[in-house]
file run33.cif (mmCIF, C-alpha atoms)
data_my_file
loop_
_atom_site.label_atom_id
_atom_site.label_comp_id
_atom_site.auth_asym_id
_atom_site.auth_seq_id
_atom_site.Cartn_x
_atom_site.Cartn_y
_atom_site.Cartn_z
CA MET A 1 32.82 9.71 11.19
CA PRO A 2 29.53 8.33 9.87
CA SER A 3 28.30 5.04 11.21
CA THR A 4 28.55 1.96 9.05
CA ASP A 5 25.49 0.12 7.83
CA GLU A 6 26.20 -2.68 10.28
CA GLU A 7 26.31 -0.29 13.21
CA LEU A 8 23.09 1.39 12.16
CA VAL A 9 21.41 -1.97 11.66
CA ALA A 10 22.47 -3.10 15.13
CA ARG A 11 21.09 0.07 16.70
CA SER A 12 17.89 -0.21 14.67
CA MET A 13 17.38 -3.73 15.92
CA GLY A 14 17.66 -2.34 19.41
CA GLY A 15 14.70 -0.09 18.69
CA ASP A 16 16.51 3.06 17.57
CA LEU A 17 14.23 4.49 14.89
CA ASP A 18 16.60 7.32 13.99
CA SER A 19 19.29 4.84 13.04
CA PHE A 20 16.95 3.07 10.70
CA ASN A 21 15.96 6.38 9.15
CA GLN A 22 19.65 7.10 8.55
CA LEU A 23 19.80 3.85 6.62
CA VAL A 24 16.72 4.92 4.67
CA LEU A 25 18.32 8.25 3.83
CA ARG A 26 21.51 6.54 2.76
CA TRP A 27 19.87 3.96 0.53
CA GLU A 28 16.66 5.48 -0.79
CA ARG A 29 18.27 6.88 -3.96
CA PRO A 30 20.03 3.68 -5.02
CA ILE A 31 16.92 1.64 -4.26
CA TYR A 32 14.68 3.99 -6.19
CA ALA A 33 17.16 3.99 -9.08
CA LEU A 34 17.24 0.20 -9.11
CA ALA A 35 13.45 -0.03 -9.12
CA TYR A 36 13.15 2.63 -11.81
CA ARG A 37 15.63 0.95 -14.12
CA VAL A 38 14.00 -2.44 -13.66
CA ILE A 39 10.36 -1.43 -14.09
CA GLY A 40 10.76 1.85 -15.94
CA ARG A 41 8.00 3.83 -14.26
CA GLU A 42 8.79 6.69 -11.96
CA GLU A 43 5.67 6.59 -9.80
CA ASP A 44 5.71 2.81 -9.40
CA ALA A 45 9.44 2.84 -8.73
CA ARG A 46 8.85 5.25 -5.87
CA ASP A 47 6.15 2.98 -4.47
CA VAL A 48 8.47 -0.01 -4.74
CA ALA A 49 11.25 1.87 -2.96
CA GLN A 50 8.92 2.90 -0.17
CA GLU A 51 7.58 -0.62 0.21
CA THR A 52 11.15 -1.94 0.28
CA PHE A 53 11.98 0.09 3.38
CA LEU A 54 8.72 -0.77 5.08
CA ARG A 55 9.32 -4.46 4.54
CA ALA A 56 12.90 -4.16 5.64
CA PHE A 57 11.83 -2.41 8.81
CA ARG A 58 9.21 -5.02 9.61
CA ALA A 59 11.59 -7.87 8.90
CA LEU A 60 14.61 -6.31 10.57
CA LYS A 61 14.58 -8.75 13.45
CA GLY A 62 14.92 -11.57 10.93
CA PHE A 63 18.01 -10.00 9.35
CA LYS A 64 20.92 -12.05 10.64
CA GLY A 65 23.66 -10.17 8.85
CA GLN A 66 24.51 -13.13 6.65
CA ALA A 67 24.58 -10.68 3.74
CA LYS A 68 25.32 -7.00 3.46
CA PHE A 69 22.39 -4.79 4.41
CA SER A 70 22.43 -3.27 0.92
CA SER A 71 22.28 -6.72 -0.68
CA TRP A 72 19.34 -7.54 1.53
CA LEU A 73 17.59 -4.34 0.39
CA TYR A 74 18.39 -5.11 -3.24
CA ARG A 75 16.85 -8.54 -2.87
CA ILE A 76 13.65 -7.12 -1.40
CA THR A 77 13.49 -4.54 -4.18
CA LEU A 78 14.03 -7.08 -6.94
CA ASN A 79 11.34 -9.33 -5.49
CA LEU A 80 8.92 -6.41 -5.41
CA CYS A 81 9.83 -5.48 -8.97
CA ARG A 82 9.27 -9.06 -10.06
CA ASP A 83 5.87 -9.02 -8.37
CA TRP A 84 5.08 -5.76 -10.12
CA ILE A 85 6.03 -7.11 -13.54
CA ARG A 86 4.02 -10.26 -12.93
CA ARG A 87 1.05 -8.32 -11.63
CA GLU A 88 1.07 -5.84 -14.47
CA ARG A 89 1.73 -8.67 -16.91
CA ARG A 90 3.91 -6.50 -19.04
CA THR A 91 7.52 -5.91 -19.76
CA PRO A 92 9.12 -2.83 -18.30
CA LEU A 93 8.34 0.28 -20.21
CA VAL A 94 10.48 3.33 -19.99
CA GLN A 95 8.24 6.33 -19.65
CA ALA A 96 7.58 8.47 -22.68
CA PRO A 97 9.89 11.40 -23.38
CA GLU A 98 11.49 12.51 -20.19
CA GLY A 99 11.93 15.73 -22.09
CA VAL A 100 15.02 17.82 -22.53
CA ASP A 101 14.58 20.98 -20.57
CA VAL A 102 17.10 23.32 -22.18
CA ILE A 103 16.63 25.88 -19.45
CA GLU A 104 17.40 23.27 -16.86
CA LEU A 105 20.30 21.98 -18.91
CA ALA A 106 21.74 25.47 -19.25
CA GLY A 107 22.07 25.45 -15.47
CA GLU A 108 24.02 22.20 -15.66
CA GLU A 109 26.43 23.55 -18.23
CA THR A 110 30.05 23.23 -17.22
CA PRO A 111 33.16 24.63 -18.84
CA SER A 112 33.90 21.20 -20.25
CA GLU A 113 30.41 20.53 -21.63
CA THR A 114 28.26 22.79 -23.76
CA VAL A 115 24.48 22.78 -23.84
CA GLU A 116 24.61 20.92 -27.16
CA GLN A 117 26.69 18.18 -25.57
CA LEU A 118 24.32 18.04 -22.63
CA VAL A 119 21.36 17.67 -24.98
CA ALA A 120 23.21 14.89 -26.79
CA ARG A 121 23.90 13.15 -23.50
CA HIS A 122 20.24 13.28 -22.50
CA GLU A 123 19.18 11.99 -25.89
CA LEU A 124 21.64 9.14 -25.54
CA GLY A 125 20.28 8.36 -22.10
CA ARG A 126 16.83 7.98 -23.56
CA ALA A 127 18.13 5.74 -26.32
CA VAL A 128 19.85 3.58 -23.71
CA ALA A 129 16.68 3.43 -21.63
CA LYS A 130 14.70 2.28 -24.63
CA ALA A 131 17.27 -0.35 -25.57
CA MET A 132 17.46 -1.58 -21.96
CA SER A 133 13.70 -1.95 -21.74
CA GLN A 134 13.83 -4.39 -24.63
CA LEU A 135 16.33 -6.72 -22.99
CA PRO A 136 15.13 -9.92 -21.31
CA GLU A 137 14.58 -9.34 -17.60
CA GLU A 138 17.53 -11.52 -16.49
CA GLN A 139 20.04 -9.72 -18.71
CA ARG A 140 18.68 -6.30 -17.85
CA THR A 141 18.83 -6.99 -14.11
CA ALA A 142 22.39 -8.29 -14.32
CA ILE A 143 23.54 -5.23 -16.27
CA ILE A 144 21.77 -2.82 -13.93
CA LEU A 145 23.31 -4.40 -10.83
CA LYS A 146 26.76 -4.40 -12.42
CA GLU A 147 26.84 -1.09 -14.25
CA TYR A 148 24.84 1.16 -11.96
CA HIS A 149 25.34 -0.42 -8.57
CA GLY A 150 28.82 -1.84 -8.94
CA LEU A 151 28.08 -5.26 -7.50
CA THR A 152 30.59 -8.03 -8.02
CA PHE A 153 29.82 -11.08 -10.13
CA GLN A 154 29.49 -13.11 -6.95
CA GLU A 155 27.11 -10.64 -5.32
CA ILE A 156 24.91 -10.65 -8.41
CA ALA A 157 24.97 -14.45 -8.51
CA ASP A 158 23.87 -14.57 -4.86
CA LEU A 159 21.10 -12.06 -5.44
CA LEU A 160 19.76 -13.74 -8.54
CA ASP A 161 20.32 -17.27 -7.23
CA CYS A 162 22.27 -18.39 -10.26
CA PRO A 163 25.83 -19.60 -10.97
CA LEU A 164 28.68 -17.17 -11.49
CA SER A 165 29.11 -18.26 -15.10
CA THR A 166 25.45 -17.47 -15.79
CA VAL A 167 25.96 -13.93 -14.56
CA LYS A 168 28.88 -13.42 -16.91
CA THR A 169 26.96 -14.90 -19.82
CA ARG A 170 23.98 -12.64 -19.16
CA LEU A 171 26.24 -9.62 -18.99
CA TYR A 172 27.98 -10.50 -22.23
CA GLN A 173 24.74 -11.21 -24.08
CA GLY A 174 23.06 -8.10 -22.70
CA LEU A 175 25.95 -5.80 -23.62
CA THR A 176 26.16 -7.31 -27.08
CA VAL A 177 22.45 -6.73 -27.73
CA LEU A 178 22.67 -3.18 -26.37
CA ARG A 179 25.65 -2.42 -28.59
CA LYS A 180 23.69 -3.60 -31.64
CA GLN A 181 20.54 -1.69 -30.75
CA LEU A 182 22.37 1.53 -30.02
CA ARG A 183 24.21 1.27 -33.29
CA GLU A 184 20.92 0.74 -35.12
CA ALA A 185 19.51 3.77 -33.29
CA GLY A 186 22.32 5.82 -34.79
CA VAL A 187 24.14 6.42 -31.53
CA GLU A 188 27.79 7.19 -32.04
CA SER A 189 30.02 4.65 -30.35
CA THR A 190 32.66 7.31 -29.82
CA PHE A 191 30.51 9.04 -27.23
CA GLY A 192 32.31 9.64 -24.03
CA LYS A 193 35.74 9.24 -25.51
CA MET B 194 40.47 -18.28 -25.91
CA CYS B 195 38.32 -16.25 -28.34
CA ASP B 196 35.39 -18.49 -27.47
CA SER B 197 35.66 -17.76 -23.79
CA LYS B 198 33.27 -14.86 -23.41
CA GLU B 199 33.35 -15.32 -19.65
CA LEU B 200 37.03 -14.48 -19.69
CA LEU B 201 36.34 -11.46 -21.87
CA VAL B 202 33.67 -10.22 -19.47
CA SER B 203 35.92 -10.82 -16.47
CA TYR B 204 38.66 -8.77 -18.12
CA LEU B 205 36.19 -6.08 -19.18
CA TYR B 206 35.09 -5.54 -15.59
CA ASP B 207 38.55 -6.21 -14.19
CA GLU B 208 37.30 -9.04 -12.01
CA ILE B 209 39.92 -11.53 -12.97
CA ASP B 210 42.77 -13.13 -11.09
CA PRO B 211 46.23 -11.78 -11.95
CA VAL B 212 47.45 -14.95 -13.68
CA ALA B 213 44.42 -15.15 -15.98
CA LYS B 214 44.69 -11.43 -16.63
CA ARG B 215 48.29 -11.67 -17.83
CA SER B 216 47.41 -14.62 -20.00
CA PHE B 217 44.47 -12.76 -21.56
CA GLN B 218 46.58 -9.68 -22.18
CA LYS B 219 49.04 -11.82 -24.12
CA HIS B 220 46.15 -13.14 -26.16
CA LEU B 221 44.86 -9.64 -26.85
CA ALA B 222 48.23 -8.65 -28.23
CA THR B 223 47.79 -11.16 -31.02
CA CYS B 224 43.99 -11.25 -31.50
CA ALA B 225 42.48 -8.24 -33.25
CA GLU B 226 38.98 -9.70 -33.03
CA CYS B 227 39.04 -9.84 -29.23
CA ARG B 228 40.63 -6.38 -29.07
CA ASP B 229 37.84 -4.90 -31.20
CA GLU B 230 35.12 -6.62 -29.25
CA LEU B 231 36.60 -5.47 -25.99
CA ALA B 232 36.80 -1.89 -27.24
CA GLU B 233 33.21 -1.92 -28.46
CA LEU B 234 31.86 -3.39 -25.26
CA GLY B 235 33.80 -0.77 -23.35
CA ALA B 236 32.25 1.96 -25.47
CA THR B 237 28.78 0.48 -24.86
CA ARG B 238 29.46 0.59 -21.15
CA ALA B 239 30.30 4.28 -21.42
CA GLN B 240 27.07 4.88 -23.32
CA ILE B 241 24.82 3.09 -20.88
CA ALA B 242 26.33 5.09 -18.04
CA THR B 243 24.46 8.13 -19.38
CA TRP B 244 21.06 6.73 -18.40
CA THR B 245 20.01 8.36 -15.15
CA PRO B 246 16.64 7.99 -13.47
CA PRO B 247 14.46 11.10 -13.25
CA ASP B 248 14.70 13.08 -10.06
CA ALA B 249 12.12 11.97 -7.58
CA ASP B 250 10.91 13.50 -4.39
CA LEU B 251 11.77 10.75 -1.96
CA GLY B 252 12.49 11.62 1.66
CA PHE B 253 11.06 8.41 3.04
CA ARG B 254 10.98 8.22 6.78
CA ILE B 255 9.63 5.71 9.22
CA ILE B 256 7.81 7.98 11.60
CA ARG B 257 6.58 5.50 14.12
CA GLU B 258 6.88 1.92 15.12
CA ALA B 259 5.39 0.27 12.09
CA GLU B 260 2.95 -2.29 13.22
CA SER B 261 3.52 -5.61 11.61
CA PRO B 262 0.46 -6.11 9.51
CA LYS B 263 -1.85 -7.89 11.87
CA ARG B 264 -3.24 -10.84 10.13
CA ARG B 265 -6.90 -10.13 10.18
CA TRP B 266 -8.90 -12.98 11.46
CA PHE B 267 -10.95 -12.74 8.35
CA GLN B 268 -11.04 -10.79 5.14
CA TRP B 269 -14.17 -8.79 4.64
CA SER B 270 -16.38 -10.13 1.90
CA PRO B 271 -20.10 -10.21 1.13
CA ALA B 272 -20.21 -13.85 2.23
CA TRP B 273 -18.84 -12.88 5.63
CA GLY B 274 -21.37 -10.09 5.78
CA PHE B 275 -24.23 -12.49 5.26
CA ALA B 276 -22.75 -14.92 7.75
CA ALA B 277 -22.37 -12.17 10.34
CA ALA B 278 -25.94 -11.01 9.78
CA ALA B 279 -27.17 -14.56 10.19
CA MET B 280 -25.21 -14.93 13.42
CA VAL B 281 -26.72 -11.73 14.77
CA LEU B 282 -30.19 -12.96 13.95
CA VAL B 283 -29.55 -16.28 15.62
CA ALA B 284 -28.06 -14.58 18.66
CA ILE B 285 -30.97 -12.17 18.99
CA SER B 286 -33.49 -14.95 18.55
CA ALA B 287 -31.75 -17.01 21.17
CA ALA B 288 -31.67 -14.08 23.53
CA ILE B 289 -35.35 -13.39 23.09
CA ALA B 290 -36.46 -16.99 23.15
CA ASN B 291 -33.95 -18.46 25.46
CA LEU B 292 -36.59 -20.13 27.52
CA ASP B 293 -38.26 -23.10 26.04
CA VAL B 294 -40.94 -24.97 27.98
CA ARG B 295 -42.57 -27.94 26.38
CA TYR B 296 -44.94 -30.66 27.32
CA GLY B 297 -44.56 -33.96 25.68
CA SER B 298 -45.03 -37.61 26.15
CA ASP B 299 -41.87 -37.61 28.27
CA GLY B 300 -43.28 -35.01 30.55
CA LEU B 301 -42.25 -31.42 31.16
CA ILE B 302 -39.06 -30.23 29.45
CA VAL B 303 -37.47 -26.89 30.33
CA ARG B 304 -34.65 -25.49 28.14
CA THR B 305 -32.87 -22.23 28.80
CA GLY B 306 -30.47 -20.20 26.64
CA TRP B 307 -28.46 -22.26 24.19
CA ASN B 308 -29.64 -25.78 23.95
CA HIS B 309 -26.95 -27.11 26.22
CA ALA B 310 -27.15 -24.47 28.92
CA ILE B 311 -29.70 -25.89 31.17
CA GLU B 312 -31.91 -28.76 30.56
CA ALA B 313 -34.25 -29.52 33.26
CA GLN B 314 -36.59 -32.28 32.76
CA ALA B 315 -39.27 -33.32 35.08
CA ARG B 316 -41.02 -36.53 34.71
CA VAL B 317 -44.59 -36.28 35.80
CA THR B 318 -47.43 -38.54 35.34
CA PRO B 319 -49.10 -37.98 31.96
CA VAL B 320 -52.31 -36.11 32.33
CA ASP B 321 -55.57 -36.74 30.55
CA TRP B 322 -56.34 -33.17 29.58
CA LYS B 323 -59.85 -33.70 28.46
CA ALA B 324 -60.94 -35.56 31.51
CA LYS B 325 -58.95 -33.83 34.19
CA ALA B 326 -58.50 -30.27 32.94
CA GLU B 327 -60.46 -28.77 35.75
CA GLU B 328 -58.62 -30.80 38.33
CA LEU B 329 -55.26 -29.68 36.94
CA ASP B 330 -56.34 -26.08 36.90
CA ARG B 331 -57.34 -26.31 40.52
CA ARG B 332 -54.04 -27.91 41.46
CA VAL B 333 -52.11 -25.16 39.71
CA ARG B 334 -54.06 -22.50 41.57
CA ASP B 335 -53.39 -24.34 44.80
CA LEU B 336 -49.68 -24.38 44.07
CA GLU B 337 -49.64 -20.65 43.31
CA GLN B 338 -51.42 -19.90 46.53
CA ALA B 339 -49.00 -21.93 48.61
CA PRO B 340 -45.67 -19.98 48.75
CA SER B 341 -44.44 -22.18 51.52
CA GLN B 342 -44.30 -25.02 49.03
CA PRO B 343 -42.34 -23.72 46.03
CA SER B 344 -42.65 -25.58 42.78
CA VAL B 345 -39.86 -27.94 42.05
CA VAL B 346 -38.38 -29.06 38.72
CA ARG B 347 -36.57 -32.31 38.73
CA THR B 348 -33.61 -32.59 36.39
CA ALA B 349 -32.70 -35.62 34.35
CA SER B 350 -29.94 -36.46 36.80
CA GLY B 351 -32.42 -36.52 39.60
CA SER B 352 -31.45 -33.30 41.35
CA GLU B 353 -34.12 -30.78 42.09
CA LEU B 354 -34.30 -27.16 41.01
CA SER B 355 -36.62 -24.84 42.82
CA GLU B 356 -38.65 -22.30 40.87
CA PRO B 357 -36.62 -19.28 42.10
CA ARG B 358 -33.44 -21.11 41.11
CA VAL B 359 -34.81 -21.79 37.62
CA ARG B 360 -35.74 -18.12 37.28
CA GLU B 361 -32.29 -17.10 38.40
CA ILE B 362 -30.65 -19.42 35.87
CA VAL B 363 -32.92 -18.11 33.13
CA SER B 364 -32.09 -14.54 34.11
CA GLN B 365 -28.35 -15.26 34.07
CA SER B 366 -28.66 -16.90 30.69
CA GLU B 367 -30.51 -13.90 29.28
CA ALA B 368 -27.82 -11.53 30.55
CA ARG B 369 -25.11 -13.72 29.06
CA GLN B 370 -26.81 -13.78 25.68
CA GLN B 371 -27.21 -10.04 25.70
CA ARG B 372 -23.52 -9.59 26.44
CA LEU B 373 -22.64 -11.92 23.58
CA VAL B 374 -24.88 -10.08 21.15
CA THR B 375 -23.46 -6.72 22.21
CA ALA B 376 -19.89 -7.94 21.84
CA ARG B 377 -20.63 -9.39 18.40
CA LEU B 378 -22.29 -6.21 17.21
CA THR B 379 -19.35 -4.13 18.46
CA GLU B 380 -16.92 -6.37 16.63
CA ILE B 381 -18.88 -6.14 13.40
CA MET B 382 -19.07 -2.36 13.66
CA ARG B 383 -15.33 -2.18 14.22
CA GLU B 384 -14.63 -4.29 11.15
CA TYR B 385 -17.06 -2.26 9.12
CA ASP B 386 -15.37 0.95 10.21
CA ALA B 387 -11.90 -0.40 9.36
CA GLN B 388 -13.08 -1.45 5.90
CA ARG B 389 -14.64 1.96 5.35
CA ARG B 390 -11.36 3.68 6.23
CA LEU B 391 -9.48 1.37 3.87
CA ASP B 392 -11.90 2.15 1.04
CA LEU B 393 -11.56 5.89 1.65
CA ALA B 394 -7.76 5.60 1.59
CA THR B 395 -7.94 3.66 -1.71
CA ILE B 396 -10.19 6.31 -3.23
CA GLY B 397 -7.79 9.01 -2.01
CA GLN B 398 -4.83 7.25 -3.64
CA GLY B 399 -6.80 6.91 -6.86
CA MET B 400 -7.53 10.62 -6.89
CA THR B 401 -3.86 11.40 -6.28
CA ARG B 402 -2.80 9.16 -9.15
CA LEU B 403 -5.34 10.83 -11.39
CA GLN B 404 -3.99 14.24 -10.49
CA ASN B 405 -0.43 13.05 -11.07
CA SER B 406 -1.30 11.64 -14.47
CA ASN B 407 -2.82 15.00 -15.44
CA GLY B 408 0.39 16.66 -14.31
CA ALA B 409 2.41 14.23 -16.41
CA GLU B 410 0.34 15.08 -19.48
CA LEU B 411 0.99 18.76 -18.92
CA LYS B 412 4.71 18.07 -18.53
CA GLN B 413 4.69 16.02 -21.71
CA THR B 414 2.99 18.82 -23.64
CA LYS B 415 5.48 21.31 -22.25
CA ASP B 416 8.37 19.07 -23.27
CA LEU B 417 7.02 18.66 -26.77
CA LEU B 418 6.68 22.41 -27.16
CA GLN B 419 10.16 22.93 -25.86
CA ARG B 420 11.64 20.40 -28.24
CA TYR B 421 9.76 22.04 -31.08
CA PHE B 422 11.27 25.41 -30.17
CA VAL B 423 14.76 23.92 -29.92
CA ARG B 424 14.41 22.20 -33.28
CA THR B 425 13.11 25.39 -34.90
CA ALA B 426 15.99 27.37 -33.44
CA LEU B 427 18.50 24.81 -34.71
CA GLU B 428 16.95 24.88 -38.20
CA GLU B 429 17.12 28.65 -38.26
CA LYS B 430 20.71 28.46 -37.19
CA GLU B 431 21.49 25.99 -39.98
CA GLU B 432 19.73 28.19 -42.55
CA LYS B 433 21.89 31.11 -41.53
#

call {"tool": "encode", "arguments": {"input": "run33.cif", "output": "structure tokens"}}
result
Amino acid sequence: MPSTDEELVARSMGGDLDSFNQLVLRWERPIYALAYRVIGREEDARDVAQETFLRAFRALKGFKGQAKFSSWLYRITLNLCRDWIRRERRTPLVQAPEGVDVIELAGEETPSETVEQLVARHELGRAVAKAMSQLPEEQRTAIILKEYHGLTFQEIADLLDCPLSTVKTRLYQGLTVLRKQLREAGVESTFGK
Amino acid sequence: MCDSKELLVSYLYDEIDPVAKRSFQKHLATCAECRDELAELGATRAQIATWTPPDADLGFRIIREAESPKRRWFQWSPAWGFAAAAMVLVAISAAIANLDVRYGSDGLIVRTGWNHAIEAQARVTPVDWKAKAEELDRRVRDLEQAPSQPSVVRTASGSELSEPRVREIVSQSEARQQRLVTARLTEIMREYDAQRRLDLATIGQGMTRLQNSNGAELKQTKDLLQRYFVRTALEEKEEK
């Protein structure tokens, strides 16, 4: 049975480097994904993820367990992303065409999804990325934490230091704007049904 | 209830207490506007779920006890460079000229090392150089020829320092200054070396980024070509 985050954190605090690396392995994908969706640049997102774990490791002794370890990581990541946006003085920009590699997609083909459907899904993903990049930072962050990381309203409120009602308002406004932009981009709302 | 978007969002994400949920469901049964909005927001959620980040080669690993970034006692800058150079010059000058012997109206003043190290001051009767130069010269020669009566320097506090003792103090002071200069030079060299390594690392990262950006351009070109081929194939298919 795999160890819980709390157990690994406790062992890491006792100087067990392997335990900390297990935490890194467990959380590096979600942290990278969070950074990528917030700042929209693959290379910088990787740097942010790496810096997140370095900072976490250095500050581990100061982690009192008042929040979940993952929430603590998310907070570090969001702070780094905010620094990045401020430093670059620009809004997040989703990288130019990720490209649709039909050869690669053919390998992903499943009995339930043809290559055409896979291409459509990738195209939709790009449209979503573009629409997300145009949202205000607060709304985008709230939607990312909710939709892709499954945090509760309360967890998001704690992370963003804002009231619960503000989180719900940001989510509603963000989803409404996304719906409008995707419709304007010609994306079928029946996708996924 | 239609105005309560918070309630709508709570229901959408199913983070709502059971009582409020039942109440909202009753409302939905009679409000087409809320039903439509809920359905559309649900569809938008399904759409945004398709956005996945590109695969990245991660594999982070802390391979050693990461040293907490030692706060450097100073940040390297040209100003610090000039200051350090000035300090070296001062230190070297002090080491070379750490013995200062002066005659003045107050008599003989002996300074060694830094100004505060040793200050021996002897009060002697002022001498009329012009009139008694020869007499003084003779007395000095007499003193040199009489080892049994070593010269004595009287300090301001009244205590006496013999000539060998003064030489010993001067010698100790010189050695101390040399140690200080050596330590300072070593420290400066260490800082210089650290800065050089940092600059090299920065240049290396820059080169890597440059290479990566070239790779990205190639990938972009490849993607464009691929999309062109797909489009052409689809058009041909449609024509048939």

call {"tool": "closest_residue", "arguments": {"input": "run33.cif", "among": "A:Ser133, A:Gln181, A:Gln66, A:Asn21", "to": "chain B", "atoms": "all atoms listed in the file"}}
result
A:Asn21

call {"tool": "residues_around", "arguments": {"input": "run33.cif", "residues": "segment 155-165 of chain A", "least_positions_apart": "5", "cutoff": "9 Å", "atoms": "only C-alpha atoms", "output": "PDB file with C-alpha atoms, in the frame of the given file"}}
result
ATOM      1  CA  SER A  71      22.280  -6.720  -0.680  1.00  0.00           C
ATOM      2  CA  TRP A  72      19.340  -7.540   1.530  1.00  0.00           C
ATOM      3  CA  TYR A  74      18.390  -5.110  -3.240  1.00  0.00           C
ATOM      4  CA  ARG A  75      16.850  -8.540  -2.870  1.00  0.00           C
ATOM      5  CA  LEU A  78      14.030  -7.080  -6.940  1.00  0.00           C
ATOM      6  CA  GLU A 138      17.530 -11.520 -16.490  1.00  0.00           C
ATOM      7  CA  THR A 141      18.830  -6.990 -14.110  1.00  0.00           C
ATOM      8  CA  ALA A 142      22.390  -8.290 -14.320  1.00  0.00           C
ATOM      9  CA  LEU A 145      23.310  -4.400 -10.830  1.00  0.00           C
ATOM     10  CA  LYS A 146      26.760  -4.400 -12.420  1.00  0.00           C
ATOM     11  CA  ARG A 170      23.980 -12.640 -19.160  1.00  0.00           C
TER      12      ARG A 170
ATOM     13  CA  GLU B 199      33.350 -15.320 -19.650  1.00  0.00           C
TER      14      GLU B 199
END

call {"tool": "closest_residue", "arguments": {"input": "run33.cif", "among": "A:Arg46, A:Arg179, A:Arg37, A:Lys68", "to": "Ala129 of chain A", "atoms": "all atoms listed in the file"}}
result
A:Arg37

call {"tool": "closest_residue", "arguments": {"input": "run33.cif", "among": "A:Ser70, A:Gln22, A:Thr77, A:Gln134", "to": "chain B", "atoms": "all atoms listed in the file"}}
result
A:Gln22

call {"tool": "residues_around", "arguments": {"input": "run33.cif", "residues": "Val128 of chain A", "least_positions_apart": "5", "cutoff": "8 Å", "atoms": "all atoms listed in the file", "output": "PDB file with C-alpha atoms, in the frame of the given file"}}
result
ATOM      1  CA  LEU A 178      22.670  -3.180 -26.370  1.00  0.00           C
ATOM      2  CA  LEU A 182      22.370   1.530 -30.020  1.00  0.00           C
TER       3      LEU A 182
ATOM      4  CA  GLN B 240      27.070   4.880 -23.320  1.00  0.00           C
ATOM      5  CA  ILE B 241      24.820   3.090 -20.880  1.00  0.00           C
ATOM      6  CA  THR B 243      24.460   8.130 -19.380  1.00  0.00           C
ATOM      7  CA  TRP B 244      21.060   6.730 -18.400  1.00  0.00           C
TER       8      TRP B 244
END

call {"tool": "atom_distance", "arguments": {"input": "run33.cif", "atom1": "atom CA of Val24 of chain A", "atom2": "atom CA of Lys412 of chain B"}}
result
29.2 Å

call {"tool": "closest_residue", "arguments": {"input": "run33.cif", "among": "A:Leu175, A:Ala56, A:Leu8, A:Met1", "to": "chain B", "atoms": "all atoms listed in the file"}}
result
A:Leu175

call {"tool": "resolve_selection", "arguments": {"input": "run33.cif", "expression": "the PyMOL selection byres ((chain A and resi 4) around 12)", "output": "ChimeraX atom specification"}}
result
/A:1-3,5-11,19-20,22-23,26,68-70

call {"tool": "atom_distance", "arguments": {"input": "run33.cif", "atom1": "atom CA of Arg140 of chain A", "atom2": "atom CA of Glu226 of chain B"}}
result
25.6 Å
